[in-house]
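Structure first, then comments.
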Amino acid sequence: MNLNLVKNIGPKTEKMLNKINIFSVEDLLTYYPYKYNIIKFVDIDKTLNNETSYILATIISNVKISYIRNNFNKLSFIALNNNIHFNVVIFNRAFLKKQLIINRKIVLVGKYDKLKNVFSASNILFNIINNRIEPIYHLTDGIKNNHLENYISEAIKLNCVIDDFVPDIFNKKYNLLSKQNAIKLIHQPKCIVDIKMSKLKLIYEELFIYMFKVNYLKQINQSAFGVAKTIDLNFIEEFLSNLSFKLTIDQDKVIKDILNDMQNAKRMNRLVLGDVGSGKTIVAIIALLANYTSGFQGAFMAPTEILAKQHFESIINYFENYSINVKLLTGSLTKKNKEKIYDELKNGKIDIIIGTSALLNSSAIFSNLGLVITDEQHRFGVNQRSLLQGKDSMQKCDALYLSATPIPRTLALTIYGDLSLSQIKTKPSMRKKIITKIIDEKNIKDMLYKMISELKCGHQMFVVSPLIEQNDELDINSVYLLKEKLSRAFKNKAIIEILHGKLKQKEKDELMIKFEKGEIDILISTTVIEVGIDIPNATMMIIYNAERFGLATLHQLRGRVGRNNLQSYCYLITNDLNNARLKVMEESDDGFFISEKDYEQRGQGDLFGIKQSGDLIFKIADFNRDYKILMQAKKDSEYYLEQLLYKENPLYKDIIDKINFLD
Ligand code: ADP
Ligand code: MG
């Protein structure tokens with residue numbers, strides 16, 4: 001349903017809602033609150049210092065307005081609650097003056113300073129309500145929480161039909177709310193039980209769908225036979241003996257697993273989980289080589305253009321002495337060049353192709369594709385798992401996935417249940433441990449000196465902030481503010497650039513290439529640089545407001561440095577010096593250890609990068625927190641699949657068609 005059907009949403013509001021990915025009434029209804037404020041009125045003398053309180057008060061004086069400067073005014077009056085007179089101040093609400101009349105009852109939201117007898121209000125509410133639960137949403141510029149609440153409440157009144165993906169048998173079995181009801185209550189709970197019940201339904205639904213897809217893929221994979229490949233093992237041996245390093249024990253083992261799979265007639269579907277810097281690329285390269293010796297084409301897909309280029313260059317290097325035709329296919333190639341590559345793919349001239357999701361383009365037809373490798377698999381969705389393989393009409397294609405999300409094994413076995421699993425735990429031994437330190441925001445000077453000495457050695461560094469632009473309500477150094485500050489500190493001694501998600505993909509790629517070439521000394525960015533890029537000359541990762549990031553993100557970010565034999569550093573800047581997550585970071589650089597800790601600390605985890613990606617973006621579920629529900633959903637979806645119950649449910653026909661690319 002179109003957003004303009006919702007009362008109070010005009011074209012301007014619609015645009016702003018689009019920014020938070022709300023394009024339809026359904027999107028709006030499934031834009032869930034991330035937390036709730038429990039509004040409970042207290043008396044003014046019972047308020048706690050520095051805690052937001054709700055006070056039911058009566059206005060007993062005229063309102064005074066002072067205009068402090070342009071766009072900035074202060075409103076003050078005296079109010080009464082529980083026989084106590086106190087002053088109220090609120091900023092930038094001059095427009096409320098007409099409504100603030102003597103004897104009117106209002107609700108004040110804010111903090112009370114007992115000594116000064118002043119209540120600093122952040123909001124004033126007029127429709128006096130009883131105690132209530134207020135949903136809190138992630139917002140965007142121009143849309144306030146109460147606006148969003150209002151749009152959603154209008155949308156609920158439209159009574160639009162929203163598909164319930166939970167099969168009836170499970171709705172009954174667990175006494176789940178109807179979807180309609182769950183949506184209403186998640187936005188308008190009357191009590192804690194409403195929140196619990198609506199969340200349970202919506203979380204279960206998301207996890208059920210997810211696990212259904214995984215189990216469906218697993219079923220397909222189990223019966224998928226390809227060809228047993230004949231690999232020239234001597235060729236591989238020789239290649240390995242010419243490498244400038246020796247494989248780690250785990251790399252060796254994983255390669256054996258892969259070669260075994262490929263020699264077997266059953267199609268390979270293997271996931272290699274290895275921490276950042278554990279050396280997954282060489283494993284992929286050897287798989288490509290083995291596939292090549294058996295006479296098939298191979299494809300290696302990366303989530304970004306720059307990463308694809310990096311892989312391409314290193315592969316060209318490795319294959320220098322072989323006559324293997326390796327090509328790069330990315331979205332930015334000219335049409336003519338793309339077509340040339342399509343031709344060569346089709347007539348079998350290309351042996352190995354590296355690329356981005358441009359490889360998924362329907363014009364990219366292979367003559368005899370035998371292996372598809374997906375790097376940083378967690379960036380793609382479940383649906384894409386079958387896509388590249390589907391390119392091969394005979395379905396003989398082996399698939400290998402690489403991922404730097406070192407999640408606990410039991411969890412991995414569930415959420416990647418359709419794949420065989422290999423782990424790389426050991427890291428190449430020559431690597432120096434990255435020195436990680438928590439830095440008090442107040443002692444930033446020491447760090448600036450360290451930055452200078454690193455810059456003097458000609459090394460580069462990343463600086464990361466959680467925010468792009470400054471927000472007055474948050475005490476955070478945004479990307480733009482940091483650029484200002486660091487430019488002042490380093491004057492012309494360093495070339496500083498900024499990179500963030502609002503830039504166009506092309507601009508981002510250009511910046512990364514400049515950084516890679518050493519034309520930028522300090523790259524200030526949001527977390528967009530997370531993915532497996534290799535800048536060996538970068539030796540410092542500085543993370544501002546580090547307490548705001550989850551362990552997974554912190555670990556991924558740190559993995560951007562220390563990718564060589566230089567000593568590297570990671571500084572976690574914070575004013576929360578006792579933060580448990582940051583301490584874990586100081587303690588360890590082992591992704592698997594950190595993921596276990598993440599798991600233990602629950603609630604604050606952003607479980608190893610998997611949230612940000614493809615199908616694994618959940619609106620409400622969280623693998624970590626909702627582990628029990630996940631396990632139940634796994635069992636239930638298996639039953640649903642085995643008993644063929646899904647065949648009677650049109651919603652699941654759609655899901656399956658999507659997986660099989662029939663739509
Ligand atoms: P990731 O697992 O994060 O993708 P890469 O495959 O990019 O890691 O490897 C990081 C670096 O380590 C590369 O420069 C690679 O050449 C190097 N490397 C990989 N395996 C070994 C090894 N066994 N010994 C030494 N260096 C290695
Ligand atoms: Mg990698």
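Naming scheme: A, B, ... for chains in displayed order of the structure tokens; residues 1 onward per chain; ligands 1 onward as shown.
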
Close residues, Lys114 (chain A) itself excluded, 9 Å, only C-alpha atoms, min 5 positions apart in chain, as a PyMOL selection string: chain A and resi 44-45+47+49+119

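For ligand 1, the neighbouring protein, DNA and RNA residues, which are those within 7 Å when only C-alpha atoms and all ligand atoms are counted, are Phe245, Lys246, Leu247, Thr248, Gly274, Asp275, Val276, Gly277, Ser278, Gly279, Lys280, Thr281, Ile282, Ala404, Pro428, Ser429, Met430, Gly532, Asp534, Arg563 and Asn564 of chain A.
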
Residues as selected, all heavy atoms, written as a compact mmCIF listing (two decimals), in the first residue's frame, can you do that?
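Generated file (out15.txt):
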```txt
# COMPACT_ATOMS: atom_id res chain seq x y z
N PHE A 245 55.65 -18.57 1.25
CA PHE A 245 55.41 -18.94 2.65
C PHE A 245 54.88 -20.35 2.74
O PHE A 245 54.50 -20.94 1.73
CB PHE A 245 54.44 -17.96 3.31
CG PHE A 245 53.16 -17.75 2.55
CD1 PHE A 245 52.14 -18.71 2.61
CD2 PHE A 245 52.96 -16.62 1.75
CE1 PHE A 245 50.96 -18.53 1.91
CE2 PHE A 245 51.77 -16.43 1.05
CZ PHE A 245 50.79 -17.38 1.12
N LYS A 246 54.88 -20.87 3.97
CA LYS A 246 54.36 -22.20 4.18
C LYS A 246 52.93 -22.08 4.70
O LYS A 246 52.64 -21.21 5.52
CB LYS A 246 55.25 -22.90 5.23
CG LYS A 246 55.31 -24.39 5.07
CD LYS A 246 56.39 -24.97 6.01
CE LYS A 246 56.10 -26.43 6.32
NZ LYS A 246 54.88 -26.70 7.04
N LEU A 247 52.05 -22.93 4.22
CA LEU A 247 50.67 -22.87 4.69
C LEU A 247 50.60 -23.18 6.19
O LEU A 247 51.38 -23.96 6.70
CB LEU A 247 49.81 -23.89 3.94
CG LEU A 247 49.61 -23.68 2.45
CD1 LEU A 247 48.74 -24.79 1.88
CD2 LEU A 247 48.98 -22.32 2.17
N THR A 248 49.64 -22.57 6.86
CA THR A 248 49.43 -22.92 8.27
C THR A 248 48.73 -24.28 8.31
O THR A 248 48.17 -24.73 7.30
CB THR A 248 48.54 -21.88 8.98
OG1 THR A 248 47.25 -21.89 8.35
CG2 THR A 248 49.13 -20.49 8.90
N GLY A 274 37.05 -18.10 8.76
CA GLY A 274 38.39 -17.81 9.26
C GLY A 274 38.48 -16.36 9.63
O GLY A 274 37.94 -15.50 8.94
N ASP A 275 39.14 -16.10 10.71
CA ASP A 275 39.27 -14.75 11.20
C ASP A 275 39.93 -13.84 10.16
O ASP A 275 40.56 -14.33 9.23
CB ASP A 275 40.15 -14.80 12.45
CG ASP A 275 39.87 -13.63 13.36
OD1 ASP A 275 39.10 -12.75 12.96
OD2 ASP A 275 40.42 -13.62 14.48
N VAL A 276 39.78 -12.52 10.34
CA VAL A 276 40.48 -11.61 9.44
C VAL A 276 41.97 -11.89 9.50
O VAL A 276 42.53 -12.09 10.57
CB VAL A 276 40.25 -10.12 9.82
CG1 VAL A 276 38.98 -9.61 9.19
CG2 VAL A 276 40.22 -9.93 11.31
N GLY A 277 42.59 -11.94 8.34
CA GLY A 277 44.04 -12.14 8.28
C GLY A 277 44.47 -13.59 8.45
O GLY A 277 45.65 -13.88 8.56
N SER A 278 43.52 -14.51 8.48
CA SER A 278 43.91 -15.91 8.68
C SER A 278 44.38 -16.54 7.36
O SER A 278 44.87 -17.66 7.36
CB SER A 278 42.74 -16.71 9.27
OG SER A 278 41.65 -16.70 8.39
N GLY A 279 44.23 -15.81 6.26
CA GLY A 279 44.75 -16.30 4.99
C GLY A 279 43.76 -17.16 4.22
O GLY A 279 44.07 -18.28 3.80
N LYS A 280 42.59 -16.62 4.02
CA LYS A 280 41.57 -17.37 3.29
C LYS A 280 41.78 -17.28 1.78
O LYS A 280 41.44 -18.20 1.04
CB LYS A 280 40.17 -16.84 3.64
CG LYS A 280 39.78 -17.12 5.09
CD LYS A 280 38.38 -16.65 5.41
CE LYS A 280 38.23 -15.14 5.42
NZ LYS A 280 38.99 -14.46 6.47
N THR A 281 42.36 -16.15 1.33
CA THR A 281 42.48 -15.94 -0.12
C THR A 281 43.29 -17.04 -0.79
O THR A 281 42.89 -17.55 -1.84
CB THR A 281 43.12 -14.57 -0.41
OG1 THR A 281 42.51 -13.61 0.45
CG2 THR A 281 42.90 -14.17 -1.84
N ILE A 282 44.39 -17.41 -0.18
CA ILE A 282 45.25 -18.43 -0.81
C ILE A 282 44.51 -19.76 -0.91
O ILE A 282 44.67 -20.51 -1.88
CB ILE A 282 46.62 -18.56 -0.09
CG1 ILE A 282 47.57 -19.43 -0.88
CG2 ILE A 282 46.47 -19.10 1.31
CD1 ILE A 282 48.03 -18.80 -2.16
N ALA A 404 34.60 -14.06 7.16
CA ALA A 404 35.41 -13.66 8.31
C ALA A 404 34.52 -13.40 9.51
O ALA A 404 34.66 -12.42 10.21
CB ALA A 404 36.22 -12.40 7.96
N PRO A 428 48.80 -16.94 10.24
CA PRO A 428 50.19 -16.99 9.79
C PRO A 428 51.11 -16.48 10.90
O PRO A 428 50.81 -15.46 11.52
CB PRO A 428 50.21 -16.06 8.59
CG PRO A 428 48.83 -16.10 8.06
CD PRO A 428 47.94 -16.28 9.25
N SER A 429 52.19 -17.22 11.14
CA SER A 429 52.94 -16.98 12.37
C SER A 429 53.80 -15.72 12.35
O SER A 429 54.10 -15.15 13.38
CB SER A 429 53.84 -18.19 12.64
OG SER A 429 54.65 -18.39 11.51
N MET A 430 54.16 -15.25 11.15
CA MET A 430 55.06 -14.10 11.14
C MET A 430 54.35 -12.82 11.60
O MET A 430 54.97 -11.82 11.86
CB MET A 430 55.69 -13.94 9.76
CG MET A 430 54.97 -13.23 8.65
SD MET A 430 53.23 -13.41 8.44
CE MET A 430 52.94 -12.23 7.15
N GLY A 532 37.03 -6.99 3.90
CA GLY A 532 38.40 -7.48 3.83
C GLY A 532 39.47 -6.84 2.97
O GLY A 532 40.22 -7.52 2.29
N ASP A 534 42.91 -4.97 1.84
CA ASP A 534 44.28 -5.16 2.29
C ASP A 534 45.12 -3.91 2.00
O ASP A 534 45.42 -3.62 0.86
CB ASP A 534 44.86 -6.36 1.54
CG ASP A 534 45.88 -7.09 2.39
OD1 ASP A 534 46.14 -6.64 3.52
OD2 ASP A 534 46.42 -8.11 1.92
N ARG A 563 48.27 -6.20 8.58
CA ARG A 563 48.23 -7.15 7.48
C ARG A 563 49.60 -7.24 6.79
O ARG A 563 49.71 -7.34 5.59
CB ARG A 563 47.13 -6.78 6.50
CG ARG A 563 45.77 -6.81 7.18
CD ARG A 563 44.68 -6.35 6.27
NE ARG A 563 44.32 -7.35 5.28
CZ ARG A 563 43.48 -8.35 5.50
NH1 ARG A 563 42.95 -8.53 6.68
NH2 ARG A 563 43.21 -9.19 4.54
N ASN A 564 50.63 -7.18 7.59
CA ASN A 564 52.01 -7.22 7.07
C ASN A 564 52.90 -7.56 8.26
O ASN A 564 52.41 -7.92 9.31
CB ASN A 564 52.38 -5.87 6.50
CG ASN A 564 52.04 -4.77 7.51
OD1 ASN A 564 52.06 -5.01 8.71
ND2 ASN A 564 51.71 -3.61 7.03
```

Within 12 Å of ligand 2, counting only C-alpha atoms and all ligand atoms, residues as a ChimeraX atom specification: /A:272-285,300-304,306-308,310-311,314,373-378,401-405,530-535,556,559-560,563

Those same residues - N, CA and C atoms - I'd like them written as a tab-separated table (two decimals), in the first residue's frame.
```tsv
chain	number	residue	atom	x	y	z
A	272	VAL	N	34.13	-21.68	4.48
A	272	VAL	CA	35.37	-21.56	5.25
A	272	VAL	C	35.24	-20.35	6.16
A	273	LEU	N	35.22	-20.62	7.46
A	273	LEU	CA	35.16	-19.54	8.43
A	273	LEU	C	36.56	-19.30	8.94
A	274	GLY	N	37.05	-18.10	8.76
A	274	GLY	CA	38.39	-17.81	9.26
A	274	GLY	C	38.48	-16.36	9.63
A	275	ASP	N	39.14	-16.10	10.71
A	275	ASP	CA	39.27	-14.75	11.20
A	275	ASP	C	39.93	-13.84	10.16
A	276	VAL	N	39.78	-12.52	10.34
A	276	VAL	CA	40.48	-11.61	9.44
A	276	VAL	C	41.97	-11.89	9.50
A	277	GLY	N	42.59	-11.94	8.34
A	277	GLY	CA	44.04	-12.14	8.28
A	277	GLY	C	44.47	-13.59	8.45
A	278	SER	N	43.52	-14.51	8.48
A	278	SER	CA	43.91	-15.91	8.68
A	278	SER	C	44.38	-16.54	7.36
A	279	GLY	N	44.23	-15.81	6.26
A	279	GLY	CA	44.75	-16.30	4.99
A	279	GLY	C	43.76	-17.16	4.22
A	280	LYS	N	42.59	-16.62	4.02
A	280	LYS	CA	41.57	-17.37	3.29
A	280	LYS	C	41.78	-17.28	1.78
A	281	THR	N	42.36	-16.15	1.33
A	281	THR	CA	42.48	-15.94	-0.12
A	281	THR	C	43.29	-17.04	-0.79
A	282	ILE	N	44.39	-17.41	-0.18
A	282	ILE	CA	45.25	-18.43	-0.81
A	282	ILE	C	44.51	-19.76	-0.91
A	283	VAL	N	43.66	-20.02	0.06
A	283	VAL	CA	42.85	-21.24	0.02
A	283	VAL	C	41.93	-21.20	-1.20
A	284	ALA	N	41.33	-20.03	-1.41
A	284	ALA	CA	40.46	-19.87	-2.57
A	284	ALA	C	41.24	-20.04	-3.87
A	285	ILE	N	42.42	-19.48	-3.90
A	285	ILE	CA	43.23	-19.54	-5.12
A	285	ILE	C	43.59	-20.99	-5.46
A	300	PHE	N	35.20	-16.19	-8.99
A	300	PHE	CA	35.49	-15.75	-7.62
A	300	PHE	C	34.79	-14.41	-7.43
A	301	MET	N	33.80	-14.37	-6.56
A	301	MET	CA	32.99	-13.17	-6.41
A	301	MET	C	33.25	-12.47	-5.08
A	302	ALA	N	33.49	-11.17	-5.15
A	302	ALA	CA	33.74	-10.38	-3.95
A	302	ALA	C	32.64	-9.33	-3.81
A	303	PRO	N	32.40	-8.84	-2.57
A	303	PRO	CA	31.29	-7.92	-2.37
A	303	PRO	C	31.54	-6.50	-2.87
A	304	THR	N	32.78	-6.11	-3.06
A	304	THR	CA	33.02	-4.76	-3.54
A	304	THR	C	34.02	-4.78	-4.70
A	306	ILE	N	36.60	-2.88	-5.19
A	306	ILE	CA	38.00	-2.76	-4.83
A	306	ILE	C	38.57	-4.08	-4.34
A	307	LEU	N	37.73	-4.82	-3.64
A	307	LEU	CA	38.18	-6.13	-3.16
A	307	LEU	C	38.37	-7.09	-4.34
A	308	ALA	N	37.47	-7.01	-5.29
A	308	ALA	CA	37.60	-7.85	-6.48
A	308	ALA	C	38.90	-7.54	-7.20
A	310	GLN	N	41.59	-6.26	-5.91
A	310	GLN	CA	42.71	-6.74	-5.11
A	310	GLN	C	42.94	-8.23	-5.34
A	311	HIS	N	41.86	-8.98	-5.33
A	311	HIS	CA	41.99	-10.41	-5.56
A	311	HIS	C	42.55	-10.68	-6.94
A	314	SER	N	46.27	-10.04	-7.01
A	314	SER	CA	47.12	-11.03	-6.35
A	314	SER	C	47.09	-12.36	-7.11
A	373	ILE	N	33.33	-19.30	-6.10
A	373	ILE	CA	33.76	-18.93	-4.75
A	373	ILE	C	33.18	-17.57	-4.40
A	374	THR	N	32.61	-17.45	-3.23
A	374	THR	CA	32.08	-16.17	-2.79
A	374	THR	C	32.87	-15.70	-1.59
A	375	ASP	N	33.55	-14.57	-1.73
A	375	ASP	CA	34.34	-14.04	-0.61
A	375	ASP	C	33.45	-13.19	0.28
A	376	GLU	N	33.79	-13.12	1.55
A	376	GLU	CA	33.00	-12.35	2.51
A	376	GLU	C	31.53	-12.69	2.33
A	377	GLN	N	31.26	-13.97	2.41
A	377	GLN	CA	29.94	-14.51	2.12
A	377	GLN	C	28.85	-13.80	2.92
A	378	HIS	N	29.17	-13.38	4.14
A	378	HIS	CA	28.14	-12.79	5.01
A	378	HIS	C	27.56	-11.51	4.43
A	401	TYR	N	32.41	-20.89	0.01
A	401	TYR	CA	32.13	-19.58	0.58
A	401	TYR	C	33.19	-19.25	1.61
A	402	LEU	N	33.64	-18.00	1.59
A	402	LEU	CA	34.61	-17.57	2.59
A	402	LEU	C	33.96	-16.54	3.49
A	403	SER	N	34.21	-16.62	4.77
A	403	SER	CA	33.61	-15.63	5.64
A	403	SER	C	34.51	-15.33	6.83
A	404	ALA	N	34.60	-14.06	7.16
A	404	ALA	CA	35.41	-13.66	8.31
A	404	ALA	C	34.52	-13.40	9.51
A	405	THR	N	33.56	-14.27	9.71
A	405	THR	CA	32.70	-14.10	10.88
A	405	THR	C	32.90	-15.28	11.80
A	530	GLU	N	34.85	-1.76	6.65
A	530	GLU	CA	34.95	-3.04	7.32
A	530	GLU	C	35.43	-4.23	6.48
A	531	VAL	N	34.97	-4.28	5.26
A	531	VAL	CA	35.21	-5.49	4.47
A	531	VAL	C	36.68	-5.72	4.14
A	532	GLY	N	37.03	-6.99	3.90
A	532	GLY	CA	38.40	-7.48	3.83
A	532	GLY	C	39.47	-6.84	2.97
A	533	ILE	N	39.57	-5.55	3.03
A	533	ILE	CA	40.51	-4.89	2.15
A	533	ILE	C	41.93	-4.94	2.72
A	534	ASP	N	42.91	-4.97	1.84
A	534	ASP	CA	44.28	-5.16	2.29
A	534	ASP	C	45.12	-3.91	2.00
A	535	ILE	N	45.45	-3.16	3.03
A	535	ILE	CA	46.32	-1.99	2.87
A	535	ILE	C	47.53	-2.25	3.77
A	556	GLN	N	36.50	-6.56	13.46
A	556	GLN	CA	36.62	-6.44	12.01
A	556	GLN	C	37.43	-5.20	11.64
A	559	GLY	N	41.03	-5.62	12.20
A	559	GLY	CA	41.62	-6.50	11.20
A	559	GLY	C	42.06	-5.78	9.93
A	560	ARG	N	41.68	-4.49	9.80
A	560	ARG	CA	42.12	-3.73	8.63
A	560	ARG	C	43.61	-3.39	8.72
A	563	ARG	N	48.27	-6.20	8.58
A	563	ARG	CA	48.23	-7.15	7.48
A	563	ARG	C	49.60	-7.24	6.79
```

Residue contacts of Lys437 (chain A) (7 Å, only C-alpha atoms) excluding same-chain residues fewer than 6 positions away, as a PyMOL selection string: chain A and resi 570-572+586

Spatial neighbours of Leu566 (chain A), 8 Å, only C-alpha atoms, chain gap at least 2 places, as a PyMOL selection string: chain A and resi 432+539+562+564+568

Go ahead and save the residues from that selection, with N, CA, C and O atoms, as a PDB file, in the first residue's frame.
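The resulting file, part-v7.pdb, is reproduced below:
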```
ATOM      1  N   LYS A 432      52.730  -9.934  13.583  1.00  0.00           N
ATOM      2  CA  LYS A 432      52.893  -9.363  14.922  1.00  0.00           C
ATOM      3  C   LYS A 432      51.519  -9.080  15.508  1.00  0.00           C
ATOM      4  O   LYS A 432      50.589  -8.714  14.805  1.00  0.00           O
ATOM      5  N   THR A 539      49.034   1.080   9.478  1.00  0.00           N
ATOM      6  CA  THR A 539      49.491   0.471  10.727  1.00  0.00           C
ATOM      7  C   THR A 539      48.707   0.936  11.943  1.00  0.00           C
ATOM      8  O   THR A 539      48.996   0.527  13.051  1.00  0.00           O
ATOM      9  N   GLY A 562      47.642  -4.385  10.526  1.00  0.00           N
ATOM     10  CA  GLY A 562      48.398  -5.578  10.907  1.00  0.00           C
ATOM     11  C   GLY A 562      48.414  -6.617   9.815  1.00  0.00           C
ATOM     12  O   GLY A 562      48.561  -7.807  10.074  1.00  0.00           O
ATOM     13  N   ASN A 564      50.634  -7.184   7.590  1.00  0.00           N
ATOM     14  CA  ASN A 564      52.005  -7.223   7.068  1.00  0.00           C
ATOM     15  C   ASN A 564      52.904  -7.555   8.260  1.00  0.00           C
ATOM     16  O   ASN A 564      52.408  -7.923   9.308  1.00  0.00           O
ATOM     17  N   SER A 568      51.611  -3.001  14.267  1.00  0.00           N
ATOM     18  CA  SER A 568      50.418  -2.176  14.099  1.00  0.00           C
ATOM     19  C   SER A 568      49.739  -1.900  15.436  1.00  0.00           C
ATOM     20  O   SER A 568      50.001  -2.585  16.422  1.00  0.00           O
TER      21      SER A 568
END
```

Close residues, Asn82 (chain A) itself excluded, 12 Å, only C-alpha atoms, min 4 positions apart in chain, as a ChimeraX atom specification: /A:41-46,55-58,86

Find the residues near Lys517 (chain A): any atom within 12 Å, counting only C-alpha atoms, skip ones fewer than 2 places away on the same chain, and give them as a PDB file with N, CA and C atoms, in the first residue's frame.
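Output (part.pdb):
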```pdb
ATOM      1  N   HIS A 459      53.813   5.611   7.286  1.00  0.00           N
ATOM      2  CA  HIS A 459      52.687   4.683   7.394  1.00  0.00           C
ATOM      3  C   HIS A 459      51.361   5.424   7.315  1.00  0.00           C
ATOM      4  N   GLN A 460      50.326   4.659   6.994  1.00  0.00           N
ATOM      5  CA  GLN A 460      48.997   5.260   6.881  1.00  0.00           C
ATOM      6  C   GLN A 460      48.110   4.798   8.035  1.00  0.00           C
ATOM      7  N   GLU A 510      37.001   5.293  -5.450  1.00  0.00           N
ATOM      8  CA  GLU A 510      38.131   6.157  -5.803  1.00  0.00           C
ATOM      9  C   GLU A 510      38.979   6.498  -4.580  1.00  0.00           C
ATOM     10  N   LEU A 511      38.275   6.810  -3.478  1.00  0.00           N
ATOM     11  CA  LEU A 511      39.005   7.129  -2.251  1.00  0.00           C
ATOM     12  C   LEU A 511      39.839   5.939  -1.786  1.00  0.00           C
ATOM     13  N   MET A 512      39.238   4.750  -1.844  1.00  0.00           N
ATOM     14  CA  MET A 512      39.963   3.565  -1.388  1.00  0.00           C
ATOM     15  C   MET A 512      41.194   3.319  -2.262  1.00  0.00           C
ATOM     16  N   ILE A 513      41.032   3.563  -3.555  1.00  0.00           N
ATOM     17  CA  ILE A 513      42.169   3.335  -4.445  1.00  0.00           C
ATOM     18  C   ILE A 513      43.286   4.334  -4.138  1.00  0.00           C
ATOM     19  N   LYS A 514      42.891   5.586  -3.872  1.00  0.00           N
ATOM     20  CA  LYS A 514      43.905   6.590  -3.502  1.00  0.00           C
ATOM     21  C   LYS A 514      44.622   6.177  -2.214  1.00  0.00           C
ATOM     22  N   PHE A 515      43.825   5.676  -1.292  1.00  0.00           N
ATOM     23  CA  PHE A 515      44.410   5.257  -0.013  1.00  0.00           C
ATOM     24  C   PHE A 515      45.366   4.083  -0.234  1.00  0.00           C
ATOM     25  N   GLU A 519      48.213   7.709  -1.450  1.00  0.00           N
ATOM     26  CA  GLU A 519      48.022   9.143  -1.697  1.00  0.00           C
ATOM     27  C   GLU A 519      47.219   9.817  -0.587  1.00  0.00           C
ATOM     28  N   ILE A 520      46.760   9.024   0.358  1.00  0.00           N
ATOM     29  CA  ILE A 520      46.067   9.569   1.525  1.00  0.00           C
ATOM     30  C   ILE A 520      46.781   9.023   2.756  1.00  0.00           C
ATOM     31  N   ASP A 521      47.030   9.904   3.745  1.00  0.00           N
ATOM     32  CA  ASP A 521      47.722   9.430   4.953  1.00  0.00           C
ATOM     33  C   ASP A 521      46.728   8.953   6.005  1.00  0.00           C
ATOM     34  N   ASP A 534      42.907  -4.969   1.845  1.00  0.00           N
ATOM     35  CA  ASP A 534      44.279  -5.156   2.290  1.00  0.00           C
ATOM     36  C   ASP A 534      45.116  -3.910   1.999  1.00  0.00           C
ATOM     37  N   ILE A 535      45.447  -3.155   3.034  1.00  0.00           N
ATOM     38  CA  ILE A 535      46.320  -1.990   2.869  1.00  0.00           C
ATOM     39  C   ILE A 535      47.532  -2.253   3.767  1.00  0.00           C
ATOM     40  N   PRO A 536      48.521  -2.984   3.256  1.00  0.00           N
ATOM     41  CA  PRO A 536      49.614  -3.428   4.114  1.00  0.00           C
ATOM     42  C   PRO A 536      50.348  -2.272   4.814  1.00  0.00           C
ATOM     43  N   ASN A 537      50.314  -1.093   4.199  1.00  0.00           N
ATOM     44  CA  ASN A 537      51.051   0.024   4.763  1.00  0.00           C
ATOM     45  C   ASN A 537      50.289   0.750   5.879  1.00  0.00           C
ATOM     46  N   ALA A 538      49.049   0.349   6.126  1.00  0.00           N
ATOM     47  CA  ALA A 538      48.268   0.980   7.195  1.00  0.00           C
ATOM     48  C   ALA A 538      48.595   0.287   8.506  1.00  0.00           C
TER      49      ALA A 538
END
```

Interatomic distance (Å, one decimal) between CA of Leu328 (chain A) and CA of Thr293 (chain A): 20.0 Å

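All residues of region 25-63 of chain A that DSSP, run on the backbone, classes as alpha helix (DSSP H) are Val25, Glu26, Asp27, Leu28 and Leu29 of chain A.
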
Selection near region 138-155 of chain A, 7 Å with only C-alpha atoms, sequence-local residues under 4 positions removed, as number ranges by chain: A: 6-8, 20, 25, 28-29

Top pick for closest residue to Ile133 (chain A), considering A:Ser595, A:Ser367, A:Gln188, A:Asn181 and counting only C-alpha atoms: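 Once distances to Ile133 (chain A) are computed over only C-alpha atoms, the minimum belongs to A:Gln188.
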
Selected residue of minimal separation from Leu271 (chain A) among A:Glu305, A:Asp418, A:Asp194, A:Glu507, counting only C-alpha atoms: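 Closest candidate: A:Asp418.
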
Strand (DSSP E or B) residues, from DSSP on the backbone, in region 336-441 of chain A, as a list of chain:residue names: A:Ile352, A:Ile353, A:Ile354, A:Gly355, A:Leu369, A:Gly370, A:Leu371, A:Val372, A:Ile373, A:Thr374, A:Asp398, A:Ala399, A:Leu400, A:Tyr401, A:Leu402, A:Ser403, A:Ser420, A:Leu421, A:Ser422, A:Gln423, A:Ile424, A:Ile435, A:Thr436, A:Lys437, A:Ile438, A:Ile439, A:Asp440

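Across the model, the gap from CA of Phe462 (chain A) to CA of Tyr569 (chain A) is 10.5 Å.
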
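Here CA of His187 (chain A) and CA of Met211 (chain A) stand 26.0 Å from one another.
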
Closest of A:Leu369, A:Ile438, A:Val227, A:Ala489 to Val584 (chain A) - atom-to-atom distances counting only C-alpha atoms: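 Comparing A:Leu369, A:Ile438, A:Val227, A:Ala489 against Val584 (chain A), the winner is A:Ile438.
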
Using only C-alpha atoms: which of A:Pro466, A:Pro167, A:Gly370, A:Gly518 has the shortest distance to Leu289 (chain A):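 Ranking A:Pro466, A:Pro167, A:Gly370, A:Gly518 by distance to Leu289 (chain A), first place goes to A:Gly370.
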